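As provided, structure.txt (compact mmCIF, C-alpha atoms) reads as follows.
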```txt
# COMPACT_ATOMS: atom_id res chain seq x y z
CA MET A 1 9.74 -8.52 124.57
CA ALA A 2 10.38 -12.12 123.66
CA MET A 3 12.87 -11.73 120.83
CA LYS A 4 14.62 -8.85 119.14
CA VAL A 5 16.61 -9.11 115.92
CA GLU A 6 18.97 -6.35 114.89
CA ASN A 7 20.60 -6.01 111.50
CA LEU A 8 20.80 -9.79 111.10
CA ALA A 9 22.53 -11.38 108.12
CA VAL A 10 22.35 -15.10 107.43
CA ALA A 11 24.18 -17.34 105.00
CA ARG A 12 23.64 -20.81 103.59
CA GLY A 13 26.32 -22.91 101.94
CA GLY A 14 28.79 -20.02 102.10
CA VAL A 15 26.44 -17.65 100.23
CA LEU A 16 24.85 -14.68 101.97
CA VAL A 17 21.07 -14.97 101.52
CA LEU A 18 19.49 -12.31 103.74
CA GLU A 19 20.89 -9.19 105.34
CA GLY A 20 19.73 -6.19 107.34
CA ILE A 21 16.80 -7.93 109.01
CA ASN A 22 15.26 -6.07 111.94
CA PHE A 23 12.17 -7.05 113.86
CA GLN A 24 10.84 -7.42 117.32
CA LEU A 25 8.57 -10.13 118.62
CA ASP A 26 6.58 -9.36 121.75
CA LYS A 27 4.88 -11.68 124.18
CA GLY A 28 1.50 -12.74 122.87
CA GLN A 29 2.45 -11.72 119.35
CA SER A 30 3.01 -13.78 116.26
CA LEU A 31 4.93 -13.00 113.14
CA ILE A 32 4.43 -14.69 109.81
CA LEU A 33 7.37 -14.95 107.43
CA ARG A 34 6.59 -14.75 103.73
CA GLY A 35 8.85 -15.01 100.75
CA PRO A 36 9.34 -17.03 97.58
CA ASN A 37 11.08 -20.41 97.60
CA GLY A 38 14.77 -20.12 98.24
CA SER A 39 14.49 -16.66 99.77
CA GLY A 40 16.08 -17.79 103.02
CA LYS A 41 13.15 -18.34 105.38
CA THR A 42 14.41 -21.69 106.64
CA THR A 43 17.97 -20.35 106.99
CA LEU A 44 16.66 -17.41 109.02
CA LEU A 45 14.63 -19.70 111.28
CA ARG A 46 17.54 -22.10 111.80
CA THR A 47 19.75 -19.16 112.73
CA LEU A 48 17.18 -17.90 115.22
CA ALA A 49 16.89 -21.41 116.68
CA ASN A 50 20.65 -21.41 117.25
CA LEU A 51 21.34 -24.23 114.83
CA GLN A 52 23.71 -22.07 112.83
CA HIS A 53 25.58 -18.82 113.31
CA SER A 54 24.56 -15.49 111.86
CA THR A 55 27.17 -13.77 109.72
CA ASP A 56 26.30 -10.35 111.12
CA GLY A 57 23.94 -8.68 113.56
CA ASP A 58 22.41 -9.76 116.86
CA VAL A 59 19.58 -11.92 118.08
CA ILE A 60 18.51 -10.88 121.56
CA CYS A 61 16.67 -13.81 123.01
CA ASP A 62 17.07 -16.53 125.61
CA PRO A 63 17.99 -19.65 123.60
CA ASP A 64 16.30 -21.82 126.22
CA SER A 65 12.93 -20.25 125.45
CA ILE A 66 12.75 -21.48 121.86
CA ALA A 67 10.92 -24.53 120.58
CA TYR A 68 11.84 -25.25 116.96
CA ALA A 69 9.85 -27.34 114.50
CA SER A 70 11.52 -28.00 111.17
CA HIS A 71 10.34 -29.54 107.90
CA SER A 72 10.95 -32.99 109.31
CA ASP A 73 9.12 -34.05 112.43
CA GLY A 74 11.90 -35.91 114.23
CA LEU A 75 9.69 -38.92 114.85
CA LYS A 76 10.96 -42.40 115.50
CA GLN A 77 9.14 -44.81 113.23
CA MET A 78 9.52 -47.76 115.56
CA LEU A 79 8.17 -45.99 118.64
CA THR A 80 4.47 -45.58 119.34
CA VAL A 81 2.84 -42.15 119.28
CA ARG A 82 2.75 -42.13 123.06
CA GLU A 83 6.42 -43.13 123.36
CA ASN A 84 7.46 -40.40 120.95
CA LEU A 85 5.60 -37.76 122.95
CA GLU A 86 6.76 -39.07 126.30
CA PHE A 87 10.36 -39.00 125.14
CA TRP A 88 10.20 -35.31 124.26
CA ALA A 89 8.23 -34.56 127.42
CA SER A 90 11.00 -36.03 129.56
CA VAL A 91 13.76 -34.36 127.53
CA PHE A 92 12.12 -31.00 128.11
CA ALA A 93 11.22 -32.03 131.68
CA SER A 94 7.62 -30.96 131.23
CA GLY A 95 5.95 -34.26 131.99
CA ASN A 96 2.43 -33.59 130.80
CA ILE A 97 1.47 -34.95 127.39
CA ASP A 98 -2.33 -34.89 127.84
CA LYS A 99 -2.67 -31.30 126.63
CA ALA A 100 -0.76 -32.13 123.45
CA ILE A 101 -2.83 -35.27 122.84
CA ASP A 102 -6.07 -33.31 123.14
CA ALA A 103 -4.93 -30.39 121.01
CA PHE A 104 -4.08 -32.55 118.03
CA PHE A 105 -6.67 -35.31 118.66
CA LEU A 106 -4.05 -38.02 118.90
CA GLU A 107 -6.03 -40.09 121.42
CA PRO A 108 -7.10 -42.86 118.97
CA LEU A 109 -3.54 -43.13 117.62
CA LEU A 110 -1.64 -43.42 120.91
CA SER A 111 -0.65 -47.07 120.62
CA ARG A 112 0.12 -46.96 116.89
CA MET A 113 3.71 -47.00 115.66
CA ALA A 114 4.70 -43.58 114.31
CA GLY A 115 5.92 -45.29 111.15
CA ALA A 116 2.39 -46.51 110.44
CA LEU A 117 0.84 -43.03 110.50
CA SER A 118 -0.17 -41.04 107.44
CA ALA A 119 1.77 -37.91 106.50
CA GLY A 120 -0.85 -35.63 108.05
CA GLN A 121 -0.98 -37.68 111.25
CA LYS A 122 2.81 -37.58 111.50
CA ARG A 123 2.73 -33.82 111.14
CA ARG A 124 0.13 -33.56 113.90
CA LEU A 125 2.35 -35.62 116.15
CA GLY A 126 5.34 -33.45 115.23
CA LEU A 127 3.36 -30.32 116.12
CA ALA A 128 2.08 -31.88 119.34
CA ARG A 129 5.72 -31.98 120.43
CA LEU A 130 5.64 -28.18 120.64
CA LEU A 131 3.08 -28.34 123.42
CA VAL A 132 5.15 -30.75 125.53
CA THR A 133 8.25 -28.55 125.29
CA ASP A 134 6.62 -25.92 127.51
CA ARG A 135 8.65 -23.17 125.85
CA PRO A 136 7.29 -19.68 125.07
CA ILE A 137 8.71 -18.92 121.61
CA TRP A 138 7.66 -21.25 118.81
CA ILE A 139 9.70 -21.17 115.63
CA LEU A 140 7.79 -23.07 112.98
CA ASP A 141 8.93 -23.88 109.48
CA GLU A 142 6.00 -24.64 107.15
CA PRO A 143 3.97 -26.23 109.95
CA THR A 144 0.83 -26.94 107.92
CA VAL A 145 2.35 -29.10 105.19
CA SER A 146 0.12 -32.16 104.62
CA LEU A 147 -2.49 -31.09 107.18
CA ASP A 148 -6.16 -31.15 106.14
CA THR A 149 -8.35 -28.03 106.58
CA HIS A 150 -9.82 -29.27 109.82
CA ALA A 151 -6.37 -29.90 111.31
CA VAL A 152 -5.14 -26.51 110.08
CA ALA A 153 -8.03 -24.85 111.92
CA ARG A 154 -7.23 -26.81 115.08
CA PHE A 155 -3.60 -25.81 114.72
CA GLY A 156 -4.64 -22.14 114.37
CA ASP A 157 -6.63 -22.48 117.60
CA THR A 158 -3.63 -24.04 119.33
CA ILE A 159 -1.45 -21.13 118.31
CA LYS A 160 -4.10 -18.66 119.50
CA ALA A 161 -4.25 -20.37 122.88
CA HIS A 162 -0.45 -20.29 123.05
CA LEU A 163 -0.37 -16.56 122.28
CA ASP A 164 -3.10 -15.88 124.86
CA ASP A 165 -0.89 -17.61 127.45
CA GLY A 166 1.83 -15.05 126.77
CA GLY A 167 3.74 -17.15 124.27
CA SER A 168 4.85 -15.97 120.86
CA ALA A 169 5.32 -17.57 117.49
CA LEU A 170 7.41 -17.05 114.39
CA ILE A 171 5.96 -18.96 111.48
CA ALA A 172 7.09 -19.43 107.89
CA THR A 173 3.96 -20.33 105.97
CA HIS A 174 2.08 -19.56 102.78
CA ILE A 175 -1.43 -20.18 104.01
CA ASP A 176 -3.79 -18.25 106.25
CA LEU A 177 -3.86 -19.74 109.73
CA GLY A 178 -6.72 -17.52 110.89
CA ILE A 179 -4.67 -15.76 113.52
CA ALA A 180 -4.01 -12.04 113.91
CA ALA A 181 -0.37 -11.77 113.02
CA SER A 182 1.98 -9.23 111.56
CA ILE A 183 3.63 -10.27 108.34
CA LEU A 184 7.30 -10.00 107.50
CA ASP A 185 8.15 -10.40 103.85
CA VAL A 186 11.80 -11.45 103.61
CA ALA A 187 12.15 -10.68 99.88
CA PRO A 188 13.29 -7.02 100.40
CA PHE A 189 16.14 -8.23 102.63
CA LYS A 190 17.64 -10.38 99.88
CA ALA A 191 21.40 -10.00 100.01
CA LYS A 192 23.44 -9.01 97.00
CA PRO A 193 25.05 -12.17 95.59
CA LYS A 194 28.41 -12.46 97.26
CA ARG A 195 30.45 -15.45 98.36
CA LEU A 196 31.66 -15.35 101.91
CA PRO A 197 35.24 -16.37 102.66
CA THR A 198 34.91 -19.85 104.09
CA LEU A 199 37.10 -21.49 106.66
CA ASP A 200 38.40 -23.96 104.06
CA GLU A 201 39.79 -21.23 101.84
CA ALA A 202 42.16 -20.21 104.61
CA PHE A 203 43.86 -23.58 104.18
CA LEU A 204 43.92 -23.70 100.40
CA MET B 1 19.48 -38.00 129.31
CA ILE B 2 18.11 -41.21 130.81
CA ALA B 3 15.10 -40.76 128.51
CA LEU B 4 17.45 -40.63 125.52
CA LEU B 5 19.24 -43.78 126.67
CA ILE B 6 15.96 -45.63 127.13
CA ARG B 7 14.66 -44.44 123.76
CA ASP B 8 17.80 -45.52 121.93
CA LEU B 9 17.86 -48.91 123.64
CA LYS B 10 14.20 -49.43 122.70
CA LEU B 11 14.93 -48.47 119.11
CA ALA B 12 17.91 -50.81 119.03
CA ILE B 13 15.92 -53.88 120.02
CA ARG B 14 12.90 -53.16 117.80
CA ALA B 15 12.70 -54.17 114.15
CA GLY B 16 15.47 -52.64 112.06
CA GLY B 17 17.37 -51.50 115.12
CA GLY B 18 20.40 -53.61 114.33
CA PHE B 19 20.82 -55.11 117.78
CA GLY B 20 22.80 -58.32 117.52
CA LEU B 21 24.14 -57.47 114.09
CA GLY B 22 27.66 -56.92 115.42
CA LEU B 23 27.40 -60.02 117.56
CA ALA B 24 26.35 -62.18 114.60
CA PHE B 25 29.22 -60.79 112.53
CA PHE B 26 31.69 -61.52 115.33
CA LEU B 27 30.36 -65.05 115.61
CA ILE B 28 30.77 -65.66 111.89
CA VAL B 29 34.28 -64.20 111.68
CA CYS B 30 35.46 -66.31 114.61
CA THR B 31 33.89 -69.42 113.08
CA LEU B 32 35.52 -68.80 109.70
CA VAL B 33 39.04 -68.38 111.07
CA PRO B 34 39.53 -72.07 112.04
CA PHE B 35 38.32 -73.04 108.54
CA SER B 36 40.83 -70.80 106.83
CA VAL B 37 43.75 -71.64 109.12
CA GLY B 38 43.09 -75.35 109.04
CA PRO B 39 43.12 -77.97 111.78
CA ARG B 40 46.23 -76.79 113.61
CA SER B 41 45.13 -76.35 117.19
CA GLN B 42 48.59 -75.20 118.34
CA LEU B 43 48.64 -72.32 115.83
CA LEU B 44 45.01 -71.45 116.58
CA SER B 45 45.54 -71.15 120.29
CA SER B 46 48.50 -68.83 119.78
CA ILE B 47 46.61 -66.47 117.44
CA ALA B 48 43.27 -66.72 119.31
CA PRO B 49 43.58 -63.52 121.42
CA GLY B 50 44.53 -61.46 118.38
CA ILE B 51 41.77 -62.90 116.20
CA LEU B 52 39.16 -62.36 118.88
CA TRP B 53 40.26 -58.78 119.34
CA LEU B 54 40.29 -58.05 115.62
CA GLY B 55 36.85 -59.66 115.23
CA ALA B 56 35.43 -57.57 118.07
CA LEU B 57 36.89 -54.41 116.59
CA LEU B 58 35.42 -55.05 113.14
CA ALA B 59 32.06 -55.97 114.66
CA CYS B 60 32.08 -52.65 116.53
CA LEU B 61 32.84 -50.82 113.31
CA LEU B 62 29.84 -52.37 111.58
CA SER B 63 27.16 -50.44 113.45
CA LEU B 64 28.96 -47.11 113.89
CA ASP B 65 27.35 -45.23 111.02
CA ARG B 66 23.92 -45.78 112.55
CA ILE B 67 24.79 -43.82 115.70
CA PHE B 68 23.83 -40.43 114.31
CA ALA B 69 22.70 -41.12 110.74
CA LEU B 70 19.15 -42.17 111.66
CA ASP B 71 18.63 -39.19 113.98
CA TYR B 72 20.01 -36.90 111.32
CA GLU B 73 17.72 -38.24 108.62
CA ASP B 74 14.47 -37.92 110.54
CA GLY B 75 15.36 -34.50 111.93
CA SER B 76 15.57 -35.49 115.58
CA LEU B 77 19.24 -34.48 115.76
CA ASP B 78 18.22 -30.87 115.02
CA LEU B 79 15.57 -31.11 117.69
CA LEU B 80 18.00 -32.62 120.20
CA ALA B 81 20.40 -29.76 119.48
CA THR B 82 17.70 -27.26 120.42
CA ALA B 83 16.58 -29.31 123.45
CA PRO B 84 17.83 -28.52 126.95
CA LEU B 85 20.38 -31.35 126.83
CA PRO B 86 24.07 -30.53 126.53
CA MET B 87 25.37 -31.90 123.21
CA GLU B 88 28.29 -33.46 125.11
CA GLY B 89 25.72 -35.42 127.11
CA VAL B 90 23.89 -36.49 123.97
CA VAL B 91 27.05 -37.85 122.32
CA SER B 92 28.10 -39.62 125.54
CA ILE B 93 24.70 -41.30 125.78
CA LYS B 94 24.96 -42.29 122.11
CA ALA B 95 28.37 -43.87 122.78
CA LEU B 96 27.01 -45.64 125.86
CA THR B 97 24.05 -47.00 123.88
CA HIS B 98 26.42 -48.23 121.18
CA TRP B 99 28.53 -50.01 123.78
CA LEU B 100 25.51 -51.57 125.51
CA THR B 101 24.05 -52.86 122.24
CA THR B 102 27.29 -53.82 120.47
CA GLY B 103 30.31 -53.85 122.76
CA LEU B 104 28.85 -55.54 125.81
CA PRO B 105 27.35 -58.51 123.88
CA LEU B 106 30.79 -59.01 122.27
CA VAL B 107 32.51 -59.01 125.66
CA VAL B 108 30.07 -61.60 126.96
CA ALA B 109 30.23 -63.78 123.85
CA ALA B 110 34.01 -63.68 123.35
CA PRO B 111 34.90 -66.38 125.94
CA ALA B 112 32.42 -68.76 124.30
CA LEU B 113 34.06 -68.14 120.93
CA GLY B 114 37.44 -68.66 122.58
CA ILE B 115 36.54 -72.35 122.70
CA LEU B 116 36.23 -72.44 118.89
CA LEU B 117 39.71 -70.96 118.60
CA ASN B 118 41.24 -73.30 121.16
CA LEU B 119 42.07 -70.47 123.58
CA PRO B 120 44.09 -71.85 126.53
CA ALA B 121 42.15 -72.04 129.81
CA GLU B 122 44.13 -69.30 131.56
CA GLY B 123 43.28 -66.87 128.73
CA TYR B 124 39.54 -66.55 129.32
CA LEU B 125 39.73 -64.15 132.23
CA TRP B 126 42.25 -61.90 130.45
CA LEU B 127 40.34 -61.94 127.19
CA PHE B 128 37.16 -60.95 129.00
CA LEU B 129 38.94 -58.25 131.01
CA SER B 130 40.79 -56.77 128.03
CA LEU B 131 37.61 -56.57 125.94
CA PHE B 132 35.65 -55.18 128.87
CA LEU B 133 38.19 -52.41 129.32
CA GLY B 134 38.84 -51.79 125.63
CA THR B 135 35.47 -51.92 123.86
CA PRO B 136 34.10 -48.77 125.57
CA ALA B 137 36.96 -46.83 123.97
CA LEU B 138 36.00 -48.34 120.59
CA SER B 139 32.45 -47.01 121.02
CA VAL B 140 33.56 -43.55 122.13
CA ILE B 141 36.11 -43.20 119.30
CA GLY B 142 33.53 -44.56 116.86
CA THR B 143 30.99 -41.99 118.03
CA PHE B 144 33.51 -39.29 117.21
CA GLY B 145 33.94 -40.75 113.72
CA ALA B 146 30.16 -40.96 113.29
CA ALA B 147 29.88 -37.32 114.33
CA LEU B 148 32.47 -36.36 111.72
CA THR B 149 30.60 -38.08 108.91
CA VAL B 150 27.02 -37.28 109.92
CA GLY B 151 25.07 -35.87 106.99
CA LEU B 152 27.36 -37.38 104.34
CA LYS B 153 25.77 -39.76 101.89
CA ARG B 154 27.54 -43.13 102.04
CA GLY B 155 29.48 -41.80 105.00
CA GLY B 156 29.95 -45.31 106.35
CA LEU B 157 32.94 -46.06 104.12
CA LEU B 158 34.68 -42.82 104.98
CA LEU B 159 33.86 -43.48 108.61
CA SER B 160 35.74 -46.80 108.56
CA ILE B 161 38.79 -45.19 107.04
CA LEU B 162 38.76 -42.39 109.59
CA VAL B 163 38.15 -44.55 112.61
CA LEU B 164 40.36 -47.60 112.02
CA PRO B 165 43.67 -45.75 112.53
CA LEU B 166 42.29 -44.30 115.75
CA TYR B 167 41.54 -47.84 116.93
CA VAL B 168 45.19 -48.89 116.64
CA PRO B 169 46.36 -48.07 120.22
CA THR B 170 43.36 -49.82 121.77
CA LEU B 171 43.89 -52.84 119.54
CA ILE B 172 47.61 -53.06 120.31
CA PHE B 173 47.27 -52.88 124.07
CA GLY B 174 44.02 -54.86 124.22
CA ALA B 175 45.38 -57.77 122.21
CA GLU B 176 48.70 -57.55 124.06
CA LEU B 177 46.92 -57.76 127.41
CA ALA B 178 44.97 -60.81 126.27
CA ARG B 179 48.11 -62.45 124.79
CA ARG B 180 50.35 -61.83 127.79
CA GLY B 181 47.62 -62.94 130.17
CA THR B 182 47.13 -66.14 128.19
CA GLN B 183 50.85 -66.92 128.26
CA GLY B 184 51.09 -66.11 131.95
CA MET B 185 53.40 -63.12 131.49
CA ASP B 186 53.41 -59.83 133.34
CA VAL B 187 50.34 -57.83 132.31
CA GLN B 188 50.76 -54.60 134.21
CA THR B 189 51.94 -52.36 131.35
CA PRO B 190 49.27 -53.23 128.74
CA LEU B 191 46.61 -53.25 131.46
CA LEU B 192 47.46 -49.73 132.55
CA MET B 193 47.87 -48.45 129.00
CA LEU B 194 44.55 -49.92 127.86
CA THR B 195 42.68 -48.51 130.85
CA GLY B 196 44.41 -45.17 130.41
CA ILE B 197 43.47 -44.93 126.73
CA THR B 198 39.86 -45.79 127.52
CA PHE B 199 39.56 -43.16 130.22
CA ALA B 200 41.34 -40.56 128.08
CA THR B 201 38.78 -41.08 125.31
CA PHE B 202 35.97 -40.69 127.88
CA ALA B 203 37.48 -37.43 129.08
CA LEU B 204 38.27 -35.79 125.75
CA LEU B 205 36.26 -37.13 122.84
CA PRO B 206 32.71 -36.16 123.90
CA PHE B 207 33.75 -32.51 123.64
CA ALA B 208 35.26 -33.04 120.20
CA SER B 209 32.23 -35.04 119.00
CA SER B 210 29.75 -32.43 120.16
CA ALA B 211 31.70 -29.60 118.53
CA VAL B 212 31.80 -31.54 115.27
CA ILE B 213 28.07 -32.30 115.40
CA ARG B 214 27.27 -28.63 115.85
CA ILE B 215 29.40 -27.76 112.83
CA ASN B 216 27.80 -30.49 110.75
CA LEU B 217 24.28 -29.31 111.59
CA ARG B 218 24.89 -25.83 110.22
```
Would you mind writing the file out in structure tokens?
Amino acid sequence: MAMKVENLAVARGGVLVLEGINFQLDKGQSLILRGPNGSGKTTLLRTLANLQHSTDGDVICDPDSIAYASHSDGLKQMLTVRENLEFWASVFASGNIDKAIDAFFLEPLLSRMAGALSAGQKRRLGLARLLVTDRPIWILDEPTVSLDTHAVARFGDTIKAHLDDGGSALIATHIDLGIAASILDVAPFKAKPKRLPTLDEAFL
Amino acid sequence: MIALLIRDLKLAIRAGGGFGLGLAFFLIVCTLVPFSVGPRSQLLSSIAPGILWLGALLACLLSLDRIFALDYEDGSLDLLATAPLPMEGVVSIKALTHWLTTGLPLVVAAPALGILLNLPAEGYLWLFLSLFLGTPALSVIGTFGAALTVGLKRGGLLLSILVLPLYVPTLIFGAELARRGTQGMDVQTPLLMLTGITFATFALLPFASSAVIRINLR
């Protein structure tokens, strides 16, 4: 078991958005999150990635096994593609960036500044970062935005290879990545509208 | 951590990185003061340590809002928070980078600007020493302020208002050390106080900054 979520409730901006979420993610398994805009997919993923606290429930998972990729790629415009990748490789102490370069065909772009890349190329570089983190659980928020069909297929293959290696993935996406995955629709977990008492109110 | 330091130093010296901005500002302020005070070399030399300290402090303030804002905007702060680096380490490296790109050039340039302000000869060593001991505290305190305002639009103005009062002790003892040293008086008390303040900020503020960053990322 890579990750287990029990009765999780998450909030954004002091408003409860999702509650009563239960699921289990096994090694080699992937789970696709579906739900309309504003249903709380990003909030759920940020909570699972330990960027914010849950309001209720438990996440049973080693936080050091998670690689998170958000809407923004976290690229430095004034560093080259290679420098961007090497930075993350040394932060995650993994060292090897060749696999990531091959997987997202970044070879011809290596000496280009990240700021000079197109949106799709930036996204590919942002996703290549996942491979240099060397972490088993990928939490991906809309990973295919601005990718062309060819790149989406390559990305699907990358995820398959990752799952075959015993990794797992939790992906919020609206398109078909061509991987065998269970689907979790978050819409039924929508919380009843209710404002949570915030810290500030204690002082007012 | 070293990788983060190297990355931030690289970013600072590349286009748009803002390296030298603080230094240029310091240079201009210290050049303008003799114009506004007028050709009174006696007066200038007595206010020189204070002016140099105030100039250095304002120059430090200028680049503070960039410490976290850029990383926040492009999403790398989120990614750093999920990376295997302790957040306390990240904020300490950010403060160190700020000092290396802003504080250290000021320390090195200040004696040269002392000439413009007619600083007496015996003051150069003390001016250099007081800035060398004091500017790291300015960077660490400023990093805390930047952490407080990360994610706010136009946070730079609020940042100045939050940080300037916190700079007061460093300014008082730093300028006092430079002034007493210049006039040949006993410097032990301001020297110890300035060093103590700097080390206290090193010991305490990284924890506060990292806690604040985590709250702001939520």
Tell me, as an mmCIF file with C-alpha atoms, in the frame of the given file, which residues lie within 12 Å of segment 183-194 of chain B, counting all atoms listed in the file; anything in the same chain fewer than 2 positions away does not count.
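So the final result, stored in part_35.cif, reads:
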```
data_model
loop_
_atom_site.group_PDB
_atom_site.id
_atom_site.type_symbol
_atom_site.label_atom_id
_atom_site.label_comp_id
_atom_site.auth_asym_id
_atom_site.auth_seq_id
_atom_site.Cartn_x
_atom_site.Cartn_y
_atom_site.Cartn_z
ATOM 1 C CA SER B 45 45.540 -71.150 120.290
ATOM 2 C CA SER B 46 48.500 -68.830 119.780
ATOM 3 C CA ILE B 47 46.610 -66.470 117.440
ATOM 4 C CA ALA B 48 43.270 -66.720 119.310
ATOM 5 C CA PRO B 49 43.580 -63.520 121.420
ATOM 6 C CA LEU B 119 42.070 -70.470 123.580
ATOM 7 C CA PRO B 120 44.090 -71.850 126.530
ATOM 8 C CA ALA B 121 42.150 -72.040 129.810
ATOM 9 C CA GLU B 122 44.130 -69.300 131.560
ATOM 10 C CA GLY B 123 43.280 -66.870 128.730
ATOM 11 C CA TYR B 124 39.540 -66.550 129.320
ATOM 12 C CA LEU B 125 39.730 -64.150 132.230
ATOM 13 C CA TRP B 126 42.250 -61.900 130.450
ATOM 14 C CA LEU B 127 40.340 -61.940 127.190
ATOM 15 C CA LEU B 129 38.940 -58.250 131.010
ATOM 16 C CA SER B 130 40.790 -56.770 128.030
ATOM 17 C CA LEU B 131 37.610 -56.570 125.940
ATOM 18 C CA PHE B 132 35.650 -55.180 128.870
ATOM 19 C CA LEU B 133 38.190 -52.410 129.320
ATOM 20 C CA GLY B 134 38.840 -51.790 125.630
ATOM 21 C CA THR B 135 35.470 -51.920 123.860
ATOM 22 C CA PRO B 136 34.100 -48.770 125.570
ATOM 23 C CA ALA B 137 36.960 -46.830 123.970
ATOM 24 C CA LEU B 138 36.000 -48.340 120.590
ATOM 25 C CA TYR B 167 41.540 -47.840 116.930
ATOM 26 C CA VAL B 168 45.190 -48.890 116.640
ATOM 27 C CA PRO B 169 46.360 -48.070 120.220
ATOM 28 C CA THR B 170 43.360 -49.820 121.770
ATOM 29 C CA LEU B 171 43.890 -52.840 119.540
ATOM 30 C CA ILE B 172 47.610 -53.060 120.310
ATOM 31 C CA PHE B 173 47.270 -52.880 124.070
ATOM 32 C CA GLY B 174 44.020 -54.860 124.220
ATOM 33 C CA ALA B 175 45.380 -57.770 122.210
ATOM 34 C CA GLU B 176 48.700 -57.550 124.060
ATOM 35 C CA LEU B 177 46.920 -57.760 127.410
ATOM 36 C CA ALA B 178 44.970 -60.810 126.270
ATOM 37 C CA ARG B 179 48.110 -62.450 124.790
ATOM 38 C CA ARG B 180 50.350 -61.830 127.790
ATOM 39 C CA GLY B 181 47.620 -62.940 130.170
ATOM 40 C CA GLY B 196 44.410 -45.170 130.410
ATOM 41 C CA ILE B 197 43.470 -44.930 126.730
ATOM 42 C CA THR B 198 39.860 -45.790 127.520
ATOM 43 C CA PHE B 199 39.560 -43.160 130.220
ATOM 44 C CA ALA B 200 41.340 -40.560 128.080
ATOM 45 C CA THR B 201 38.780 -41.080 125.310
#
```
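For chain A, the residues no farther than 6 Å from chain B when using only C-alpha atoms are A:Gln52, A:Ser72, A:Gly74.
Neighbouring residues of Ala56 of chain B at 9 Å or closer, counting only C-alpha atoms and skipping chain neighbours under 5 positions away, are Gly22, Leu23, Phe25, Phe26, Ile51, Leu61, Gly103, Leu106, Val107, Ala110, Leu131 and Thr135 of chain B.
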In file coordinates, which residues lie within 10 Å of (4.6, -33.5, 117.6) using only C-alpha atoms, given as an mmCIF file with C-alpha atoms, in the coordinates of the input?
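Contents of the output file selection_32.cif:
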```cif
data_model
loop_
_atom_site.group_PDB
_atom_site.id
_atom_site.type_symbol
_atom_site.label_atom_id
_atom_site.label_comp_id
_atom_site.auth_asym_id
_atom_site.auth_seq_id
_atom_site.Cartn_x
_atom_site.Cartn_y
_atom_site.Cartn_z
ATOM 1 C CA ALA A 69 9.850 -27.340 114.500
ATOM 2 C CA ASP A 73 9.120 -34.050 112.430
ATOM 3 C CA GLY A 74 11.900 -35.910 114.230
ATOM 4 C CA LEU A 75 9.690 -38.920 114.850
ATOM 5 C CA VAL A 81 2.840 -42.150 119.280
ATOM 6 C CA ASN A 84 7.460 -40.400 120.950
ATOM 7 C CA LEU A 85 5.600 -37.760 122.950
ATOM 8 C CA TRP A 88 10.200 -35.310 124.260
ATOM 9 C CA ALA A 100 -0.760 -32.130 123.450
ATOM 10 C CA ILE A 101 -2.830 -35.270 122.840
ATOM 11 C CA PHE A 104 -4.080 -32.550 118.030
ATOM 12 C CA LEU A 106 -4.050 -38.020 118.900
ATOM 13 C CA GLN A 121 -0.980 -37.680 111.250
ATOM 14 C CA LYS A 122 2.810 -37.580 111.500
ATOM 15 C CA ARG A 123 2.730 -33.820 111.140
ATOM 16 C CA ARG A 124 0.130 -33.560 113.900
ATOM 17 C CA LEU A 125 2.350 -35.620 116.150
ATOM 18 C CA GLY A 126 5.340 -33.450 115.230
ATOM 19 C CA LEU A 127 3.360 -30.320 116.120
ATOM 20 C CA ALA A 128 2.080 -31.880 119.340
ATOM 21 C CA ARG A 129 5.720 -31.980 120.430
ATOM 22 C CA LEU A 130 5.640 -28.180 120.640
ATOM 23 C CA LEU A 131 3.080 -28.340 123.420
ATOM 24 C CA VAL A 132 5.150 -30.750 125.530
ATOM 25 C CA THR A 133 8.250 -28.550 125.290
#
```
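Between atom CA of Ser39 of chain A and atom CA of Asp58 of chain A the interatomic distance comes to 20.1 Å.
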>> Counting all atoms listed in the file, find residues at most 12 Å from (8.4, -10.1, 118.5) (file frame) and give them as a PyMOL selection string.
In response: chain A and resi 1-6+22-32+59-61+136-139+163+166-171+181-184
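Going from atom CA of Ala161 of chain A to atom CA of Asp176 of chain A covers 16.8 Å.
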